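Structure file data.tsv with TSV, C-alpha atoms:
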chain	number	residue	atom	x	y	z
A	1	MET	CA	-53.38	-12.37	28.42
A	2	SER	CA	-52.93	-11.95	24.66
A	3	ALA	CA	-53.51	-8.48	23.23
A	4	LEU	CA	-56.66	-8.16	21.16
A	5	LEU	CA	-56.17	-4.45	20.43
A	6	GLU	CA	-52.84	-2.64	20.29
A	7	LEU	CA	-52.17	1.06	19.83
A	8	ARG	CA	-48.56	1.80	18.98
A	9	HIS	CA	-47.36	5.41	19.20
A	10	ILE	CA	-50.57	6.94	17.88
A	11	ARG	CA	-50.41	10.57	16.77
A	12	ILE	CA	-53.48	12.57	15.72
A	13	GLU	CA	-53.13	16.06	14.27
A	14	LEU	CA	-55.46	18.95	13.59
A	15	PRO	CA	-54.35	21.25	10.75
A	16	THR	CA	-55.32	24.91	11.18
A	17	ARG	CA	-54.54	28.14	9.38
A	18	ARG	CA	-52.04	28.98	12.12
A	19	GLY	CA	-50.27	25.64	12.00
A	20	THR	CA	-50.78	22.01	12.91
A	21	LEU	CA	-51.97	21.14	16.41
A	22	VAL	CA	-51.31	17.76	18.02
A	23	ALA	CA	-54.45	16.35	19.65
A	24	VAL	CA	-53.03	12.93	20.59
A	25	ASP	CA	-49.28	12.46	20.88
A	26	ASP	CA	-47.44	9.11	21.08
A	27	VAL	CA	-50.20	7.11	22.78
A	28	SER	CA	-49.61	3.38	23.22
A	29	PHE	CA	-51.63	0.77	25.10
A	30	SER	CA	-53.21	-2.63	24.59
A	31	ILE	CA	-56.45	-4.38	25.58
A	32	GLY	CA	-56.55	-8.12	26.19
A	33	GLU	CA	-59.38	-10.46	25.28
A	34	GLY	CA	-62.25	-10.07	27.74
A	35	GLU	CA	-60.53	-7.16	29.49
A	36	VAL	CA	-62.13	-3.82	30.38
A	37	LEU	CA	-59.69	-0.91	29.97
A	38	GLY	CA	-60.91	2.38	31.38
A	39	VAL	CA	-59.63	5.58	29.79
A	40	VAL	CA	-60.12	8.60	32.03
A	41	GLY	CA	-59.18	12.27	32.14
A	42	GLU	CA	-60.56	15.80	32.00
A	43	SER	CA	-62.34	17.17	28.95
A	44	GLY	CA	-59.77	17.82	26.23
A	45	ALA	CA	-57.43	15.02	27.33
A	46	GLY	CA	-57.79	13.17	24.01
A	47	LYS	CA	-59.91	10.23	25.21
A	48	SER	CA	-62.75	10.41	22.71
A	49	ILE	CA	-60.44	11.26	19.79
A	50	THR	CA	-58.38	8.16	20.54
A	51	ALA	CA	-61.57	6.06	20.63
A	52	ALA	CA	-62.74	7.56	17.33
A	53	ALA	CA	-59.41	6.70	15.71
A	54	ILE	CA	-59.77	3.05	16.72
A	55	ILE	CA	-63.14	2.70	15.01
A	56	GLY	CA	-62.11	4.84	12.03
A	57	LEU	CA	-64.48	7.70	12.75
A	58	LEU	CA	-62.14	10.67	13.13
A	59	GLU	CA	-63.94	13.74	11.89
A	60	PRO	CA	-61.96	15.85	9.38
A	61	PRO	CA	-59.83	17.86	9.62
A	62	LEU	CA	-58.56	15.56	12.42
A	63	ARG	CA	-56.29	12.90	10.95
A	64	LEU	CA	-54.17	9.99	12.13
A	65	THR	CA	-50.62	10.88	11.09
A	66	GLY	CA	-48.47	8.37	12.96
A	67	GLY	CA	-48.42	5.02	14.69
A	68	GLU	CA	-50.32	1.79	14.18
A	69	ILE	CA	-53.63	0.32	15.35
A	70	LEU	CA	-53.71	-3.48	15.38
A	71	LEU	CA	-56.67	-5.77	15.95
A	72	ASP	CA	-55.64	-9.35	16.70
A	73	GLY	CA	-52.23	-8.60	15.19
A	74	ASP	CA	-53.52	-7.10	11.92
A	75	ARG	CA	-53.31	-3.39	11.14
A	76	ILE	CA	-56.68	-1.70	10.71
A	77	ASP	CA	-55.67	1.99	10.60
A	78	ASN	CA	-54.56	1.71	6.96
A	79	LEU	CA	-57.58	-0.19	5.66
A	80	ALA	CA	-59.68	1.16	2.81
A	81	PRO	CA	-63.01	2.67	3.97
A	82	GLU	CA	-65.07	-0.30	2.75
A	83	ALA	CA	-62.79	-2.83	4.47
A	84	LEU	CA	-62.87	-0.77	7.68
A	85	ARG	CA	-66.68	-0.70	7.60
A	86	ARG	CA	-66.65	-4.51	7.58
A	87	VAL	CA	-64.43	-4.49	10.68
A	88	ARG	CA	-66.55	-1.85	12.41
A	89	GLY	CA	-69.69	-3.54	13.68
A	90	LYS	CA	-68.53	-7.07	12.97
A	91	GLN	CA	-65.35	-7.13	15.08
A	92	ILE	CA	-65.56	-3.76	16.85
A	93	GLY	CA	-68.82	-2.45	18.28
A	94	ALA	CA	-69.35	1.14	19.40
A	95	ILE	CA	-71.47	2.74	22.11
A	96	PHE	CA	-71.66	6.51	21.87
A	97	GLN	CA	-72.26	9.23	24.44
A	98	ASP	CA	-75.78	10.33	23.51
A	99	PRO	CA	-78.16	7.45	22.75
A	100	LEU	CA	-80.69	9.78	21.12
A	101	THR	CA	-78.27	10.85	18.38
A	102	SER	CA	-76.96	7.28	17.98
A	103	LEU	CA	-80.35	6.06	16.75
A	104	ASN	CA	-82.16	7.07	13.57
A	105	PRO	CA	-85.45	8.70	14.67
A	106	LEU	CA	-87.15	7.75	11.36
A	107	TYR	CA	-86.73	3.99	11.78
A	108	THR	CA	-88.04	1.61	14.42
A	109	ILE	CA	-85.44	0.12	16.71
A	110	GLY	CA	-86.28	-3.31	15.31
A	111	ARG	CA	-85.50	-2.21	11.78
A	112	GLN	CA	-82.19	-0.69	12.88
A	113	LEU	CA	-81.21	-3.86	14.72
A	114	VAL	CA	-82.19	-6.18	11.85
A	115	GLU	CA	-80.32	-4.00	9.33
A	116	THR	CA	-77.17	-4.10	11.47
A	117	ILE	CA	-77.42	-7.85	12.01
A	118	ARG	CA	-77.97	-8.64	8.31
A	119	THR	CA	-75.10	-6.35	7.29
A	120	HIS	CA	-72.62	-8.45	9.25
A	121	LEU	CA	-74.22	-11.89	9.63
A	122	ALA	CA	-75.63	-14.21	6.95
A	123	LEU	CA	-79.13	-14.50	8.43
A	124	SER	CA	-82.60	-14.42	6.91
A	125	ASP	CA	-85.10	-11.70	7.83
A	126	LYS	CA	-86.87	-14.06	10.20
A	127	ALA	CA	-83.66	-15.21	11.90
A	128	ALA	CA	-82.40	-11.63	12.14
A	129	ARG	CA	-85.67	-10.55	13.76
A	130	ALA	CA	-85.42	-13.39	16.29
A	131	ARG	CA	-81.81	-12.40	17.01
A	132	ALA	CA	-82.82	-8.74	17.45
A	133	ILE	CA	-85.56	-9.62	19.95
A	134	GLU	CA	-83.13	-11.89	21.81
A	135	LEU	CA	-80.66	-8.99	22.06
A	136	LEU	CA	-83.34	-6.62	23.36
A	137	GLN	CA	-84.24	-9.17	26.01
A	138	GLU	CA	-80.58	-9.63	26.92
A	139	VAL	CA	-80.04	-5.92	27.52
A	140	GLY	CA	-83.15	-5.70	29.70
A	141	ILE	CA	-85.83	-4.18	27.45
A	142	PRO	CA	-89.17	-5.32	28.96
A	143	GLY	CA	-91.69	-6.69	26.46
A	144	ALA	CA	-89.01	-6.90	23.75
A	145	SER	CA	-91.35	-8.44	21.14
A	146	GLU	CA	-93.88	-5.63	21.59
A	147	ARG	CA	-91.24	-2.86	21.70
A	148	PHE	CA	-89.53	-4.17	18.56
A	149	ASP	CA	-91.62	-1.90	16.31
A	150	ALA	CA	-91.35	1.18	18.53
A	151	TYR	CA	-89.41	4.32	17.55
A	152	PRO	CA	-86.49	5.76	19.56
A	153	HIS	CA	-88.55	8.68	20.89
A	154	GLN	CA	-90.88	6.17	22.56
A	155	PHE	CA	-88.07	5.02	24.87
A	156	SER	CA	-86.54	6.70	27.92
A	157	GLY	CA	-82.85	7.70	27.89
A	158	GLY	CA	-81.81	4.60	29.79
A	159	MET	CA	-83.83	2.31	27.51
A	160	ARG	CA	-82.36	4.00	24.41
A	161	GLN	CA	-78.88	3.37	25.77
A	162	ARG	CA	-79.79	-0.30	26.22
A	163	VAL	CA	-80.87	-0.38	22.57
A	164	VAL	CA	-77.53	1.17	21.57
A	165	ILE	CA	-75.73	-1.55	23.55
A	166	ALA	CA	-77.84	-4.17	21.75
A	167	LEU	CA	-76.77	-2.61	18.42
A	168	ALA	CA	-73.12	-2.76	19.51
A	169	LEU	CA	-73.50	-6.46	20.35
A	170	ALA	CA	-75.53	-7.33	17.25
A	171	ALA	CA	-72.70	-9.04	15.33
A	172	ASN	CA	-70.93	-10.54	18.37
A	173	PRO	CA	-67.92	-8.19	18.22
A	174	ARG	CA	-64.72	-9.05	20.03
A	175	LEU	CA	-64.19	-5.44	21.18
A	176	ILE	CA	-66.59	-2.68	22.21
A	177	VAL	CA	-65.49	0.96	22.28
A	178	ALA	CA	-67.80	2.74	24.73
A	179	ASP	CA	-67.42	6.53	24.65
A	180	GLU	CA	-68.98	8.09	27.78
A	181	PRO	CA	-71.90	5.58	27.71
A	182	THR	CA	-73.42	6.83	30.98
A	183	THR	CA	-72.90	10.61	30.80
A	184	ALA	CA	-76.42	11.49	29.63
A	185	LEU	CA	-78.10	9.24	32.23
A	186	ASP	CA	-79.20	9.72	35.83
A	187	VAL	CA	-77.23	8.03	38.60
A	188	SER	CA	-79.51	5.00	39.09
A	189	THR	CA	-79.69	4.35	35.34
A	190	GLN	CA	-75.90	4.74	35.15
A	191	ALA	CA	-75.51	1.95	37.70
A	192	GLN	CA	-77.85	-0.31	35.69
A	193	ILE	CA	-75.95	0.31	32.45
A	194	ILE	CA	-72.56	-0.32	34.09
A	195	SER	CA	-73.88	-3.55	35.64
A	196	LEU	CA	-75.23	-4.57	32.24
A	197	LEU	CA	-71.90	-3.90	30.49
A	198	LYS	CA	-70.01	-5.93	33.09
A	199	ARG	CA	-72.41	-8.86	32.75
A	200	LEU	CA	-72.35	-8.84	28.96
A	201	CYS	CA	-68.53	-8.74	28.92
A	202	ARG	CA	-68.41	-11.66	31.32
A	203	ASP	CA	-70.98	-13.69	29.38
A	204	HIS	CA	-69.62	-12.96	25.89
A	205	GLY	CA	-65.91	-12.60	26.67
A	206	THR	CA	-65.96	-9.23	24.91
A	207	ALA	CA	-63.17	-6.72	25.52
A	208	VAL	CA	-64.18	-3.12	26.28
A	209	MET	CA	-62.48	0.25	25.99
A	210	LEU	CA	-64.51	2.39	28.40
A	211	VAL	CA	-63.98	6.14	27.93
A	212	THR	CA	-65.23	8.31	30.79
A	213	HIS	CA	-64.36	11.23	33.06
A	214	ASP	CA	-65.87	9.45	36.07
A	215	MET	CA	-63.35	7.60	38.25
A	216	GLY	CA	-66.25	6.01	40.15
A	217	VAL	CA	-67.39	4.27	36.96
A	218	ILE	CA	-63.80	3.18	36.27
A	219	ALA	CA	-63.31	1.78	39.78
A	220	GLU	CA	-66.56	-0.15	39.51
A	221	THR	CA	-66.07	-1.54	36.00
A	222	ALA	CA	-62.50	-1.63	34.68
A	223	ASP	CA	-59.66	-4.13	35.08
A	224	ARG	CA	-57.00	-1.58	34.12
A	225	VAL	CA	-57.10	2.17	33.68
A	226	ALA	CA	-55.21	4.62	31.47
A	227	VAL	CA	-55.20	8.21	32.74
A	228	MET	CA	-54.82	10.71	29.87
A	229	TYR	CA	-53.67	14.30	30.05
A	230	ALA	CA	-53.16	16.76	27.16
A	231	GLY	CA	-53.16	14.03	24.51
A	232	ARG	CA	-50.81	11.61	26.28
A	233	VAL	CA	-51.06	8.73	28.74
A	234	ALA	CA	-50.00	10.02	32.16
A	235	GLU	CA	-50.42	6.73	34.02
A	236	ILE	CA	-51.60	3.20	33.22
A	237	GLY	CA	-51.98	0.15	35.39
A	238	PRO	CA	-54.36	-2.13	37.33
A	239	VAL	CA	-57.39	-0.14	38.39
A	240	ARG	CA	-57.07	-0.99	42.09
A	241	GLN	CA	-53.44	0.12	42.13
A	242	VAL	CA	-54.11	3.38	40.29
A	243	VAL	CA	-57.12	4.23	42.48
A	244	LYS	CA	-55.54	3.30	45.82
A	245	HIS	CA	-51.89	4.20	45.15
A	246	PRO	CA	-51.68	6.69	42.24
A	247	GLN	CA	-48.14	7.42	41.08
A	248	HIS	CA	-48.52	10.45	38.79
A	249	PRO	CA	-49.25	13.83	40.47
A	250	TYR	CA	-52.18	14.34	38.08
A	251	THR	CA	-53.73	11.01	39.09
A	252	VAL	CA	-53.08	11.86	42.75
A	253	GLY	CA	-55.04	15.09	42.21
A	254	LEU	CA	-57.92	13.27	40.49
A	255	MET	CA	-58.16	10.75	43.31
A	256	GLY	CA	-57.91	13.43	45.99
A	257	SER	CA	-60.85	15.36	44.54
A	258	ILE	CA	-63.22	12.41	45.04
A	259	PRO	CA	-65.14	12.60	48.35
A	260	SER	CA	-64.83	9.63	50.69
A	261	ILE	CA	-67.86	8.30	52.57
A	262	GLY	CA	-65.93	7.61	55.77
A	263	GLU	CA	-63.94	10.84	55.88
A	264	VAL	CA	-65.17	14.31	56.85
A	265	ARG	CA	-63.46	17.23	55.11
A	266	GLU	CA	-64.36	20.88	55.01
A	267	ARG	CA	-62.82	21.23	51.58
A	268	LEU	CA	-61.66	18.71	48.98
A	269	PRO	CA	-58.26	19.16	47.33
A	270	GLN	CA	-58.31	20.53	43.82
A	271	ILE	CA	-55.91	20.70	40.90
A	272	ASP	CA	-55.11	24.35	40.27
A	273	GLY	CA	-55.35	25.65	36.72
A	274	ALA	CA	-56.92	23.97	33.69
A	275	MET	CA	-56.09	21.57	30.89
A	276	PRO	CA	-53.92	23.46	28.35
A	277	ARG	CA	-55.39	24.30	24.96
A	278	LEU	CA	-53.94	22.38	22.00
A	279	GLY	CA	-52.08	25.45	20.83
A	280	ALA	CA	-50.62	26.17	24.26
A	281	ILE	CA	-49.25	22.84	25.54
A	282	PRO	CA	-46.12	23.73	27.54
A	283	GLN	CA	-42.66	22.40	26.87
A	284	GLY	CA	-41.57	19.36	28.87
A	285	CYS	CA	-44.25	17.62	30.91
A	286	ALA	CA	-47.62	19.10	29.91
A	287	PHE	CA	-48.76	18.95	33.54
A	288	ASN	CA	-45.84	20.99	34.90
A	289	PRO	CA	-47.70	24.36	35.33
A	290	ARG	CA	-50.26	22.63	37.59
A	291	CYS	CA	-47.98	20.14	39.34
A	292	PRO	CA	-47.24	20.61	43.07
A	293	GLN	CA	-44.02	18.55	42.71
A	294	VAL	CA	-42.63	20.22	39.58
A	295	MET	CA	-38.85	20.21	39.07
A	296	ASP	CA	-36.70	22.19	36.65
A	297	ARG	CA	-36.34	19.10	34.49
A	298	CYS	CA	-40.13	18.86	34.10
A	299	ARG	CA	-40.18	22.22	32.32
A	300	VAL	CA	-37.76	21.20	29.57
A	301	GLU	CA	-37.90	17.39	29.14
A	302	ARG	CA	-41.01	15.34	28.48
A	303	PRO	CA	-40.97	12.00	30.35
A	304	ASP	CA	-41.97	8.68	28.81
A	305	LEU	CA	-43.91	6.11	30.81
A	306	LEU	CA	-41.63	4.86	33.61
A	307	PRO	CA	-42.09	1.91	36.01
A	308	ALA	CA	-43.77	3.19	39.19
A	309	ASP	CA	-44.77	0.59	41.77
A	310	ASP	CA	-47.24	-1.67	39.87
A	311	THR	CA	-48.13	0.95	37.25
A	312	LEU	CA	-46.38	3.01	34.57
A	313	ALA	CA	-46.31	6.79	35.06
A	314	ALA	CA	-45.00	9.52	32.76
A	315	CYS	CA	-43.27	11.42	35.56
A	316	TRP	CA	-39.63	12.22	36.34
A	317	LEU	CA	-40.29	11.39	40.00
A	318	HIS	CA	-39.91	7.75	38.96
A	319	ASP	CA	-36.67	8.13	37.02
A	320	ARG	CA	-34.46	5.52	38.67
A	321	GLU	CA	-31.29	7.45	37.83
A	322	VAL	CA	-32.63	10.32	39.93
A	323	VAL	CA	-34.21	8.19	42.67
A	324	HIS	CA	-31.16	5.96	43.14
A	325	GLY	CA	-28.44	8.21	41.80
Once more with this new file: its structure as structure tokens, please.
Amino acid sequence: MSALLELRHIRIELPTRRGTLVAVDDVSFSIGEGEVLGVVGESGAGKSITAAAIIGLLEPPLRLTGGEILLDGDRIDNLAPEALRRVRGKQIGAIFQDPLTSLNPLYTIGRQLVETIRTHLALSDKAARARAIELLQEVGIPGASERFDAYPHQFSGGMRQRVVIALALAANPRLIVADEPTTALDVSTQAQIISLLKRLCRDHGTAVMLVTHDMGVIAETADRVAVMYAGRVAEIGPVRQVVKHPQHPYTVGLMGSIPSIGEVRERLPQIDGAMPRLGAIPQGCAFNPRCPQVMDRCRVERPDLLPADDTLAACWLHDREVVHG
């Protein structure tokens, strides 16, 4: 599978009066055409910041200070703002966490869709309107022609999220960056949105970067998963392998904290401690204060991603020199 999106050693910094903090440190991964890559981790892991960097929407004072972002082999992280705006929407669509704040409350959803379509596609008003109604039908808005002139507040949360997905698909992008697209929705609506995303990806061949903290959503939707911790990738690999046979102690902890339908437990395992603050990331492996398998080496040396079964894990437990030495 050829890589549609590549991140190479991305570094994102946050300057403060007390010094520069590193929010994302040396993150690399790729997404193939038509592939769904899930990015998962606790709050503060760097998931959403990485997603924002890809679509060029890092909020100052956050800034991309190292690495490269390539779309179909061409760098996009160094584009001028106007050139990046042409890429965003046309080649990369975005679905944000809160559908209410993603839509302009002063404009009808039809106007917002038509404006987006005409910005990126050479269509007349009539053709753009027809395309907008077609998109609303495709994402499951009942009575799309009648709802075309409705305002965002006239839709439920789930219907607003469907409109946001329609906006993301408006220009037939090759990649969609979905940042927590189901967090603000109830469980049944979540399932509908996930099913919709999967179907649209299959029908359009669109690649998706799905950012979430919910491993259930990842297991249901993604082809591969990248587990992030303290601004770095802790483990990456095929979703079935990572879910069933996690190789990083952090991933093991995440998987162990998910209840199983067929297993009765009085108490679920938990990961002691909390994600470190940006200004207090420990030396060596950032997970070492919480890790049940910590070694002396973990406290002084930071591991890169190492081969671990069918995944890659940033853990010294998989250092072949140690394992076989």
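Note that CA of Gly34 in chain A and CA of His120 in chain A are 21.3 Å apart.
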Do a neighbour search on range 4-6 of chain A at 9 Å with only C-alpha atoms, toss out local chain neighbours closer than 6 positions, and write the hits as a PyMOL selection string.
chain A and resi 28-34+68-73+174-175+207
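If you look at CA of Ile10 in chain A and CA of Gly66 in chain A, they are 5.5 Å away from each other.
Interatomic distance, CA of Ile76 in chain A against CA of Gln91 in chain A: 11.1 Å.
With only C-alpha atoms as the atoms that count, the minimum distance from Val225 in chain A to the choices A:Leu312, A:Ile165, A:Ile49, A:Leu306 is reached by A:Leu312.
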Residues near Met209 in chain A, anyone? I mean within 12 Å using only C-alpha atoms, not counting same-chain ones fewer than 5 positions away, as a PyMOL selection string.
chain A and resi 4-6+29-40+47-48+50-52+54-55+92-96+174-181+197+201+218+221-226
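Once His153 in chain A and its same-chain neighbours fewer than 3 positions away are set aside, Leu100, Pro105, Ala150, Ser156 and Arg160 of chain A remain within 9 Å of it when counting only C-alpha atoms.
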Using only C-alpha atoms for the distances, tell me which of A:Ile193, A:Ala219, A:Cys315, A:Leu210 is nearest to Gln247 in chain A.
A:Cys315
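Residue nearest Leu305 in chain A, chosen from A:Ala234, A:Leu106, A:Val187, A:Ile12 and counting all atoms listed in the file: A:Ala234.
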As a PyMOL selection string, please: the residues near Gly158 in chain A (cut-off 9 Å, all atoms listed in the file, same-chain neighbours under 5 positions excluded).
chain A and resi 99+163+182+184-186+189-190+192-193
Could you give me, as number ranges by chain, the residues that sit within 7 Å of (-58.2, 11.0, 32.8) in the file's coordinates, counting all atoms listed in the file?
A: 39-42, 45, 213, 227-229
Quick one: everything within 12 Å of Pro142 in chain A, counting only C-alpha atoms, minus sequence neighbours fewer than 4 positions away in the same chain. Send it as a list in words.
Ile133, Glu134, Leu135, Leu136, Gln137, Glu138, Glu146, Arg147, Phe148, Phe155, Met159, Arg162 and Val163 of chain A
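The residue that comes closest to Ile258 in chain A, out of A:Ala80, A:Gly279, A:Gly216, A:Phe287 and on the basis of all atoms listed in the file, is A:Gly216.
Nearest to Leu278 in chain A of all the residues A:Ala53, A:Ala230, A:Ala144, A:Met215 is A:Ala230, based on all atoms listed in the file.
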Taking (-40.0, 11.7, 36.6) in the file's coordinates as the center, which residues reach within 9 Å of it, counting all atoms listed in the file, put as a JSON list (two decimals) with C-alpha atoms, keeping the file's coordinate frame?
[["chain", "number", "residue", "atom", "x", "y", "z"],
["A", 248, "HIS", "CA", -48.52, 10.45, 38.79],
["A", 295, "MET", "CA", -38.85, 20.21, 39.07],
["A", 297, "ARG", "CA", -36.34, 19.10, 34.49],
["A", 298, "CYS", "CA", -40.13, 18.86, 34.10],
["A", 302, "ARG", "CA", -41.01, 15.34, 28.48],
["A", 303, "PRO", "CA", -40.97, 12.00, 30.35],
["A", 304, "ASP", "CA", -41.97, 8.68, 28.81],
["A", 305, "LEU", "CA", -43.91, 6.11, 30.81],
["A", 306, "LEU", "CA", -41.63, 4.86, 33.61],
["A", 313, "ALA", "CA", -46.31, 6.79, 35.06],
["A", 314, "ALA", "CA", -45.00, 9.52, 32.76],
["A", 315, "CYS", "CA", -43.27, 11.42, 35.56],
["A", 316, "TRP", "CA", -39.63, 12.22, 36.34],
["A", 317, "LEU", "CA", -40.29, 11.39, 40.00],
["A", 318, "HIS", "CA", -39.91, 7.75, 38.96],
["A", 319, "ASP", "CA", -36.67, 8.13, 37.02],
["A", 320, "ARG", "CA", -34.46, 5.52, 38.67],
["A", 322, "VAL", "CA", -32.63, 10.32, 39.93]]
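The residue that comes closest to Gly67 in chain A, out of A:Leu7, A:Leu79, A:Ala132, A:Val22 and on the basis of all atoms listed in the file, is A:Leu7.
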Edge lengths and centre in Å to one decimal, as AutoDock Vina command-line options, is what I'm after for the box along x, y and z that holds all listed atoms of range 164-172 of chain A once 6 Å is added on each side.
--center_x -74.4 --center_y -4.7 --center_z 19.4 --size_x 18.9 --size_y 23.7 --size_z 20.2
Starting from the sparse input, extend range 234-249 of chain A to N, CA, C and O atoms and give the output as a PDB file, keeping the file's coordinate frame.
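Written out: selection13.pdb:
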ATOM      1  N   ALA A 234     -50.772   9.590  30.991  1.00  0.00           N
ATOM      2  CA  ALA A 234     -50.000  10.020  32.160  1.00  0.00           C
ATOM      3  C   ALA A 234     -49.681   8.838  33.070  1.00  0.00           C
ATOM      4  O   ALA A 234     -48.608   8.780  33.671  1.00  0.00           O
ATOM      5  N   GLU A 235     -50.627   7.903  33.169  1.00  0.00           N
ATOM      6  CA  GLU A 235     -50.420   6.730  34.020  1.00  0.00           C
ATOM      7  C   GLU A 235     -51.305   5.599  33.521  1.00  0.00           C
ATOM      8  O   GLU A 235     -52.426   5.830  33.063  1.00  0.00           O
ATOM      9  N   ILE A 236     -50.811   4.372  33.612  1.00  0.00           N
ATOM     10  CA  ILE A 236     -51.600   3.200  33.220  1.00  0.00           C
ATOM     11  C   ILE A 236     -51.224   2.035  34.112  1.00  0.00           C
ATOM     12  O   ILE A 236     -50.050   1.843  34.443  1.00  0.00           O
ATOM     13  N   GLY A 237     -52.245   1.290  34.526  1.00  0.00           N
ATOM     14  CA  GLY A 237     -51.980   0.150  35.390  1.00  0.00           C
ATOM     15  C   GLY A 237     -53.269  -0.476  35.885  1.00  0.00           C
ATOM     16  O   GLY A 237     -54.374  -0.046  35.512  1.00  0.00           O
ATOM     17  N   PRO A 238     -53.167  -1.501  36.751  1.00  0.00           N
ATOM     18  CA  PRO A 238     -54.360  -2.130  37.330  1.00  0.00           C
ATOM     19  C   PRO A 238     -55.212  -1.101  38.060  1.00  0.00           C
ATOM     20  O   PRO A 238     -54.688  -0.237  38.766  1.00  0.00           O
ATOM     21  N   VAL A 239     -56.513  -1.195  37.881  1.00  0.00           N
ATOM     22  CA  VAL A 239     -57.390  -0.140  38.390  1.00  0.00           C
ATOM     23  C   VAL A 239     -57.274   0.009  39.907  1.00  0.00           C
ATOM     24  O   VAL A 239     -57.256   1.138  40.423  1.00  0.00           O
ATOM     25  N   ARG A 240     -57.162  -1.090  40.639  1.00  0.00           N
ATOM     26  CA  ARG A 240     -57.070  -0.990  42.090  1.00  0.00           C
ATOM     27  C   ARG A 240     -55.800  -0.246  42.508  1.00  0.00           C
ATOM     28  O   ARG A 240     -55.813   0.578  43.424  1.00  0.00           O
ATOM     29  N   GLN A 241     -54.706  -0.517  41.803  1.00  0.00           N
ATOM     30  CA  GLN A 241     -53.440   0.120  42.130  1.00  0.00           C
ATOM     31  C   GLN A 241     -53.492   1.622  41.829  1.00  0.00           C
ATOM     32  O   GLN A 241     -53.051   2.454  42.628  1.00  0.00           O
ATOM     33  N   VAL A 242     -54.050   1.972  40.683  1.00  0.00           N
ATOM     34  CA  VAL A 242     -54.110   3.380  40.290  1.00  0.00           C
ATOM     35  C   VAL A 242     -55.042   4.165  41.218  1.00  0.00           C
ATOM     36  O   VAL A 242     -54.746   5.299  41.599  1.00  0.00           O
ATOM     37  N   VAL A 243     -56.162   3.554  41.610  1.00  0.00           N
ATOM     38  CA  VAL A 243     -57.120   4.230  42.480  1.00  0.00           C
ATOM     39  C   VAL A 243     -56.578   4.374  43.902  1.00  0.00           C
ATOM     40  O   VAL A 243     -56.682   5.433  44.524  1.00  0.00           O
ATOM     41  N   LYS A 244     -55.990   3.303  44.427  1.00  0.00           N
ATOM     42  CA  LYS A 244     -55.540   3.300  45.820  1.00  0.00           C
ATOM     43  C   LYS A 244     -54.153   3.929  46.003  1.00  0.00           C
ATOM     44  O   LYS A 244     -53.884   4.579  47.010  1.00  0.00           O
ATOM     45  N   HIS A 245     -53.271   3.724  45.020  1.00  0.00           N
ATOM     46  CA  HIS A 245     -51.890   4.200  45.150  1.00  0.00           C
ATOM     47  C   HIS A 245     -51.439   4.889  43.851  1.00  0.00           C
ATOM     48  O   HIS A 245     -50.535   4.392  43.170  1.00  0.00           O
ATOM     49  N   PRO A 246     -52.060   6.004  43.487  1.00  0.00           N
ATOM     50  CA  PRO A 246     -51.680   6.690  42.240  1.00  0.00           C
ATOM     51  C   PRO A 246     -50.238   7.161  42.283  1.00  0.00           C
ATOM     52  O   PRO A 246     -49.744   7.579  43.339  1.00  0.00           O
ATOM     53  N   GLN A 247     -49.561   7.104  41.127  1.00  0.00           N
ATOM     54  CA  GLN A 247     -48.140   7.420  41.080  1.00  0.00           C
ATOM     55  C   GLN A 247     -47.821   8.694  40.313  1.00  0.00           C
ATOM     56  O   GLN A 247     -46.724   9.225  40.425  1.00  0.00           O
ATOM     57  N   HIS A 248     -48.738   9.192  39.515  1.00  0.00           N
ATOM     58  CA  HIS A 248     -48.520  10.450  38.790  1.00  0.00           C
ATOM     59  C   HIS A 248     -49.219  11.570  39.558  1.00  0.00           C
ATOM     60  O   HIS A 248     -50.351  11.386  40.032  1.00  0.00           O
ATOM     61  N   PRO A 249     -48.604  12.733  39.724  1.00  0.00           N
ATOM     62  CA  PRO A 249     -49.250  13.830  40.470  1.00  0.00           C
ATOM     63  C   PRO A 249     -50.639  14.196  39.943  1.00  0.00           C
ATOM     64  O   PRO A 249     -51.509  14.591  40.728  1.00  0.00           O
TER      65      PRO A 249
END
